[in-house]
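Novice: The following block contains the structure, expressed as structure tokens.
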Amino acid sequence: ADQASDPQICILENRALRGLFTKVRDERTAPREFEFYANRLMRILAEEALTFVPSTDVTVTTPTATEFAGVEYSENICAVSIVRAGDSLLEQVRAVMPGIAVGKILIQRDEETALPQLFYCKLPPTITQMDAVLLVDPMLATGGSAIMAVQSLIGQGVEESKIIFVNVVACPEGIAALRAAHPTVMVVTACIDECLNERKYIIPGLGDYGDRFFNT
């Protein structure tokens, strides 16, 4: 299926993205600059992702005594980061929704098998009563970590269809794997790159997001 026309996939359309991606993809961009431009990009992404949580149509009155037909989004949601890179995106979600309930999932790749392993999962106790769960991780490569994180949420009682995976850079292979494993998860991404290379790096990509953001 054409991923660009898949109703479960939202690819951001924003004129600011090309310039921001130019900065974060450039190998010459220093860590402090990378953090600055990545945060600007992730703020746009966080705002867009929040439009996919359940909403209610409302009418408000403006200071000119005129009615405006608007919308209010549910605040009964939580954000779960896939540590460590996901913490950078989590902070932008918290910036646009202060006080949002937060969870953390730590998944690391086994060096011998190259398969993901779940090391830590701490979620809000009311997560099963949430209207939506934003699962955040900047990079979607093979999809292994994202699938394991989704399975962890489902294992804790979260409905698959309430999960919104929020992502900066994806690739077709990762999207396909996640969609095949969990077809009702909504994917909101800033970009779908060309492919994975033989080392499972996204091409053209931007390198290791966590290392560049946290200057590791």
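The chains in the structure tokens are called A, B, ... from first to last as shown; in each chain the residues are counted from 1, and the ligands are counted from 1 in the order shown.
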Write out as a ChimeraX atom specification all residues of region 53-204 of chain A that backbone DSSP assigns to helix (DSSP H, G or I).

Specialist: /A:86-96,127-129,144-155,160-162,172-181

Novice: With a cut-off of 9 Å, could you pull out the residues of region 35-151 of chain A touching region 172-194 of chain A and give me the nearest pair of atoms for each, distance in Å to one decimal, using only C-alpha atoms, ordered by chain and ascending number, as CSV?

Specialist:
```
residue,atom,partner,partner_atom,distance
A:Leu41,CA,A:Ala190,CA,8.4
A:Met42,CA,A:Ala190,CA,8.5
A:Ile44,CA,A:Ala190,CA,8.9
A:Leu45,CA,A:Ala190,CA,6.5
A:Glu48,CA,A:Val188,CA,7.9
A:Ala49,CA,A:Val188,CA,6.2
A:Phe52,CA,A:Met186,CA,8.3
A:Pro138,CA,A:Thr189,CA,8.7
A:Leu140,CA,A:Gly174,CA,5.7
A:Ala141,CA,A:Gly174,CA,5.0
A:Thr142,CA,A:Gly174,CA,4.5
A:Gly143,CA,A:Gly174,CA,4.3
A:Gly144,CA,A:Gly174,CA,7.9
A:Ala146,CA,A:Leu178,CA,7.2
A:Ile147,CA,A:Leu178,CA,5.9
A:Val150,CA,A:His182,CA,8.0
A:Gln151,CA,A:His182,CA,8.8
```

Novice: When you count only C-alpha atoms, which of these residues is closest to Phe214 (chain A): A:Cys10, A:Cys78, A:Val71, A:Ala85?

Specialist: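 Looking at the shortest contact to Phe214 (chain A), the residue is A:Ala85.
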
Novice: Any idea what's packed within 8 Å of Ile105 (chain A), counting only C-alpha atoms, ignoring anything in its chain fewer than 3 positions away? Could you give it as a PyMOL selection string?

Specialist: chain A and resi 80-83+118-122+149

Novice: So that I can see what lies close to Ala79 (chain A), please list as a PyMOL selection string the residues with an atom at most 9 Å from it, counting only C-alpha atoms and leaving out residues fewer than 4 positions away in the same chain.

Specialist: chain A and resi 90+93-94+100-104+132-136

Novice: Given the selection you just returned, output its residues as a file containing all heavy atoms, formatted as a tab-separated table (two decimals), in the first residue's frame.

Specialist:
```
chain	number	residue	atom	x	y	z
A	90	LEU	N	9.54	13.93	24.04
A	90	LEU	CA	8.64	14.01	25.19
A	90	LEU	C	8.61	15.42	25.76
A	90	LEU	O	7.54	15.93	26.13
A	90	LEU	CB	9.06	13.02	26.27
A	90	LEU	CG	8.28	13.07	27.59
A	90	LEU	CD1	6.83	12.66	27.39
A	90	LEU	CD2	8.95	12.17	28.63
A	93	VAL	N	6.33	17.62	23.79
A	93	VAL	CA	4.93	17.32	24.07
A	93	VAL	C	4.53	17.96	25.40
A	93	VAL	O	3.45	18.55	25.53
A	93	VAL	CB	4.69	15.79	24.11
A	93	VAL	CG1	3.27	15.48	24.58
A	93	VAL	CG2	4.94	15.18	22.73
A	94	ARG	N	5.40	17.86	26.40
A	94	ARG	CA	5.13	18.47	27.71
A	94	ARG	C	5.09	19.99	27.62
A	94	ARG	O	4.37	20.64	28.39
A	94	ARG	CB	6.16	18.01	28.74
A	94	ARG	CG	6.10	16.52	29.05
A	94	ARG	CD	7.15	16.11	30.06
A	94	ARG	NE	6.84	16.68	31.37
A	94	ARG	CZ	7.67	17.43	32.08
A	94	ARG	NH1	8.86	17.74	31.61
A	94	ARG	NH2	7.32	17.89	33.25
A	100	ILE	N	0.91	16.92	31.52
A	100	ILE	CA	0.48	15.65	30.92
A	100	ILE	C	1.13	14.49	31.67
A	100	ILE	O	2.29	14.56	32.08
A	100	ILE	CB	0.84	15.62	29.42
A	100	ILE	CG1	0.23	14.38	28.75
A	100	ILE	CG2	2.35	15.65	29.20
A	100	ILE	CD1	0.40	14.35	27.23
A	101	ALA	N	0.37	13.42	31.88
A	101	ALA	CA	0.91	12.22	32.53
A	101	ALA	C	1.97	11.61	31.62
A	101	ALA	O	1.84	11.62	30.39
A	101	ALA	CB	-0.20	11.21	32.80
A	102	VAL	N	3.02	11.06	32.24
A	102	VAL	CA	4.18	10.60	31.48
A	102	VAL	C	4.54	9.17	31.86
A	102	VAL	O	4.46	8.78	33.03
A	102	VAL	CB	5.39	11.53	31.74
A	102	VAL	CG1	6.69	10.90	31.28
A	102	VAL	CG2	5.18	12.86	31.04
A	103	GLY	N	4.95	8.39	30.87
A	103	GLY	CA	5.48	7.05	31.09
A	103	GLY	C	6.81	6.89	30.38
A	103	GLY	O	7.16	7.69	29.50
A	104	LYS	N	7.57	5.86	30.77
A	104	LYS	CA	8.89	5.62	30.18
A	104	LYS	C	9.05	4.14	29.87
A	104	LYS	O	8.69	3.27	30.67
A	104	LYS	CB	10.00	6.03	31.15
A	104	LYS	CG	9.95	7.49	31.60
A	104	LYS	CD	10.83	8.35	30.75
A	104	LYS	CE	10.91	9.77	31.31
A	104	LYS	NZ	11.93	10.56	30.66
A	132	ALA	N	-6.19	8.72	24.85
A	132	ALA	CA	-5.14	8.48	23.86
A	132	ALA	C	-3.80	8.38	24.57
A	132	ALA	O	-3.60	8.97	25.64
A	132	ALA	CB	-5.10	9.59	22.81
A	133	VAL	N	-2.88	7.64	23.95
A	133	VAL	CA	-1.52	7.52	24.46
A	133	VAL	C	-0.57	7.90	23.33
A	133	VAL	O	-0.58	7.27	22.27
A	133	VAL	CB	-1.21	6.09	24.95
A	133	VAL	CG1	0.25	5.97	25.38
A	133	VAL	CG2	-2.14	5.70	26.09
A	134	LEU	N	0.22	8.95	23.54
A	134	LEU	CA	1.23	9.35	22.57
A	134	LEU	C	2.52	8.60	22.88
A	134	LEU	O	3.11	8.80	23.94
A	134	LEU	CB	1.49	10.86	22.63
A	134	LEU	CG	0.29	11.79	22.41
A	134	LEU	CD1	0.74	13.24	22.49
A	134	LEU	CD2	-0.38	11.53	21.08
A	135	LEU	N	2.94	7.73	21.99
A	135	LEU	CA	4.20	6.99	22.13
A	135	LEU	C	5.23	7.71	21.28
A	135	LEU	O	5.07	7.82	20.06
A	135	LEU	CB	4.02	5.54	21.67
A	135	LEU	CG	5.25	4.64	21.72
A	135	LEU	CD1	5.75	4.46	23.16
A	135	LEU	CD2	4.93	3.29	21.09
A	136	VAL	N	6.29	8.23	21.91
A	136	VAL	CA	7.20	9.12	21.19
A	136	VAL	C	8.61	8.54	21.08
A	136	VAL	O	9.18	8.06	22.05
A	136	VAL	CB	7.25	10.52	21.84
A	136	VAL	CG1	5.86	11.15	21.84
A	136	VAL	CG2	7.79	10.50	23.26
```

Novice: Just to confirm, what's the straight-line distance from CA of Arg84 (chain A) to CA of Lys200 (chain A) in Å (one decimal)?

Specialist: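 For CA of Arg84 (chain A) relative to CA of Lys200 (chain A), the distance reads 18.6 Å.
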
Novice: A:Thr22, A:Gln92, A:Asn76, A:Gln117: which is nearest Leu206 (chain A), counting only C-alpha atoms?

Specialist: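 Between A:Thr22, A:Gln92, A:Asn76, A:Gln117, the residue approaching Leu206 (chain A) most closely is A:Thr22.
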
Novice: Could you check which of A:Ala69, A:Val169, A:Ile77, A:Leu153 is closest to Pro54 (chain A), using only C-alpha atoms?

Specialist: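 Smallest distance to Pro54 (chain A) is found for A:Ile77.
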
Novice: According to DSSP computed on the backbone, where in chain A is there strand (DSSP E)? Give the residues as a ChimeraX atom specification.

Specialist: /A:9-11,55-61,67-73,77-83,101-109,116-122,132-136,139-140,163-170,186-192,195-196,202-203

Novice: With only C-alpha atoms as the counted atoms, please give the residues lying no more than 12 Å from Arg28 (chain A), apart from itself and same-chain residues fewer than 4 positions off, as number ranges by chain.

Specialist: A: 22-24, 32-34, 206-207, 212

Novice: Using all heavy atoms, can you write the selected residues to a file as an mmCIF file, in the first residue's frame?

Specialist:
```cif
data_model
loop_
_atom_site.group_PDB
_atom_site.id
_atom_site.type_symbol
_atom_site.label_atom_id
_atom_site.label_comp_id
_atom_site.auth_asym_id
_atom_site.auth_seq_id
_atom_site.Cartn_x
_atom_site.Cartn_y
_atom_site.Cartn_z
ATOM 1 N N THR A 22 17.252 20.559 7.039
ATOM 2 C CA THR A 22 18.580 20.840 6.480
ATOM 3 C C THR A 22 19.605 20.988 7.603
ATOM 4 O O THR A 22 20.720 20.465 7.516
ATOM 5 C CB THR A 22 18.541 22.119 5.627
ATOM 6 O OG1 THR A 22 17.589 21.947 4.569
ATOM 7 C CG2 THR A 22 19.906 22.427 5.033
ATOM 8 N N LYS A 23 19.212 21.668 8.665
ATOM 9 C CA LYS A 23 20.121 21.868 9.806
ATOM 10 C C LYS A 23 20.386 20.565 10.561
ATOM 11 O O LYS A 23 21.533 20.241 10.884
ATOM 12 C CB LYS A 23 19.537 22.912 10.758
ATOM 13 C CG LYS A 23 19.490 24.321 10.205
ATOM 14 C CD LYS A 23 20.894 24.881 10.002
ATOM 15 C CE LYS A 23 20.845 26.354 9.630
ATOM 16 N NZ LYS A 23 22.212 26.913 9.435
ATOM 17 N N VAL A 24 19.334 19.806 10.871
ATOM 18 C CA VAL A 24 19.545 18.618 11.709
ATOM 19 C C VAL A 24 20.179 17.464 10.927
ATOM 20 O O VAL A 24 20.822 16.587 11.524
ATOM 21 C CB VAL A 24 18.246 18.150 12.399
ATOM 22 C CG1 VAL A 24 17.727 19.231 13.334
ATOM 23 C CG2 VAL A 24 17.192 17.725 11.402
ATOM 24 N N ARG A 32 24.928 21.666 20.058
ATOM 25 C CA ARG A 32 24.068 22.717 20.607
ATOM 26 C C ARG A 32 23.114 23.246 19.547
ATOM 27 O O ARG A 32 21.933 23.501 19.825
ATOM 28 C CB ARG A 32 24.937 23.846 21.165
ATOM 29 C CG ARG A 32 24.153 24.871 21.980
ATOM 30 C CD ARG A 32 25.073 25.811 22.701
ATOM 31 N NE ARG A 32 24.332 26.786 23.483
ATOM 32 C CZ ARG A 32 24.891 27.716 24.245
ATOM 33 N NH1 ARG A 32 26.201 27.775 24.345
ATOM 34 N NH2 ARG A 32 24.149 28.564 24.912
ATOM 35 N N GLU A 33 23.624 23.402 18.313
ATOM 36 C CA GLU A 33 22.769 23.825 17.207
ATOM 37 C C GLU A 33 21.745 22.737 16.881
ATOM 38 O O GLU A 33 20.576 23.027 16.612
ATOM 39 C CB GLU A 33 23.610 24.085 15.958
ATOM 40 C CG GLU A 33 24.337 25.397 15.911
ATOM 41 C CD GLU A 33 25.030 25.534 14.561
ATOM 42 O OE1 GLU A 33 26.057 24.881 14.357
ATOM 43 O OE2 GLU A 33 24.513 26.278 13.714
ATOM 44 N N PHE A 34 22.192 21.486 16.876
ATOM 45 C CA PHE A 34 21.288 20.373 16.583
ATOM 46 C C PHE A 34 20.115 20.386 17.551
ATOM 47 O O PHE A 34 18.956 20.260 17.142
ATOM 48 C CB PHE A 34 22.035 19.037 16.683
ATOM 49 C CG PHE A 34 21.178 17.841 16.350
ATOM 50 C CD1 PHE A 34 21.120 17.347 15.059
ATOM 51 C CD2 PHE A 34 20.422 17.213 17.334
ATOM 52 C CE1 PHE A 34 20.318 16.253 14.747
ATOM 53 C CE2 PHE A 34 19.612 16.124 17.035
ATOM 54 C CZ PHE A 34 19.566 15.642 15.740
ATOM 55 N N LEU A 206 19.882 11.104 9.635
ATOM 56 C CA LEU A 206 20.595 12.211 10.288
ATOM 57 C C LEU A 206 21.583 11.699 11.350
ATOM 58 O O LEU A 206 22.038 12.463 12.193
ATOM 59 C CB LEU A 206 19.591 13.210 10.912
ATOM 60 C CG LEU A 206 18.430 12.691 11.771
ATOM 61 C CD1 LEU A 206 18.880 12.231 13.137
ATOM 62 C CD2 LEU A 206 17.373 13.779 11.914
ATOM 63 N N GLY A 207 21.895 10.406 11.293
ATOM 64 C CA GLY A 207 22.818 9.834 12.272
ATOM 65 C C GLY A 207 22.081 9.375 13.513
ATOM 66 O O GLY A 207 20.882 9.104 13.473
ATOM 67 N N ARG A 212 23.415 12.877 19.070
ATOM 68 C CA ARG A 212 23.573 14.259 18.584
ATOM 69 C C ARG A 212 22.791 15.225 19.477
ATOM 70 O O ARG A 212 23.286 16.315 19.787
ATOM 71 C CB ARG A 212 23.106 14.368 17.132
ATOM 72 C CG ARG A 212 23.977 13.556 16.178
ATOM 73 C CD ARG A 212 23.631 13.841 14.732
ATOM 74 N NE ARG A 212 24.083 15.173 14.340
ATOM 75 C CZ ARG A 212 23.759 15.762 13.189
ATOM 76 N NH1 ARG A 212 22.961 15.129 12.332
ATOM 77 N NH2 ARG A 212 24.202 16.963 12.896
#
```

Novice: So, with only C-alpha atoms as the atoms that count, which of A:Ser152, A:Thr61, A:Phe165, A:Pro125 lies closest to Leu106 (chain A)?

Specialist: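 Of A:Ser152, A:Thr61, A:Phe165, A:Pro125, the one nearest Leu106 (chain A) is A:Ser152, counting only C-alpha atoms.
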
Novice: What lies within 8 Å of Tyr73 (chain A) using only C-alpha atoms, ignoring chain neighbours under 6 positions off, as a PyMOL selection string?

Specialist: chain A and resi 50-51+53-56
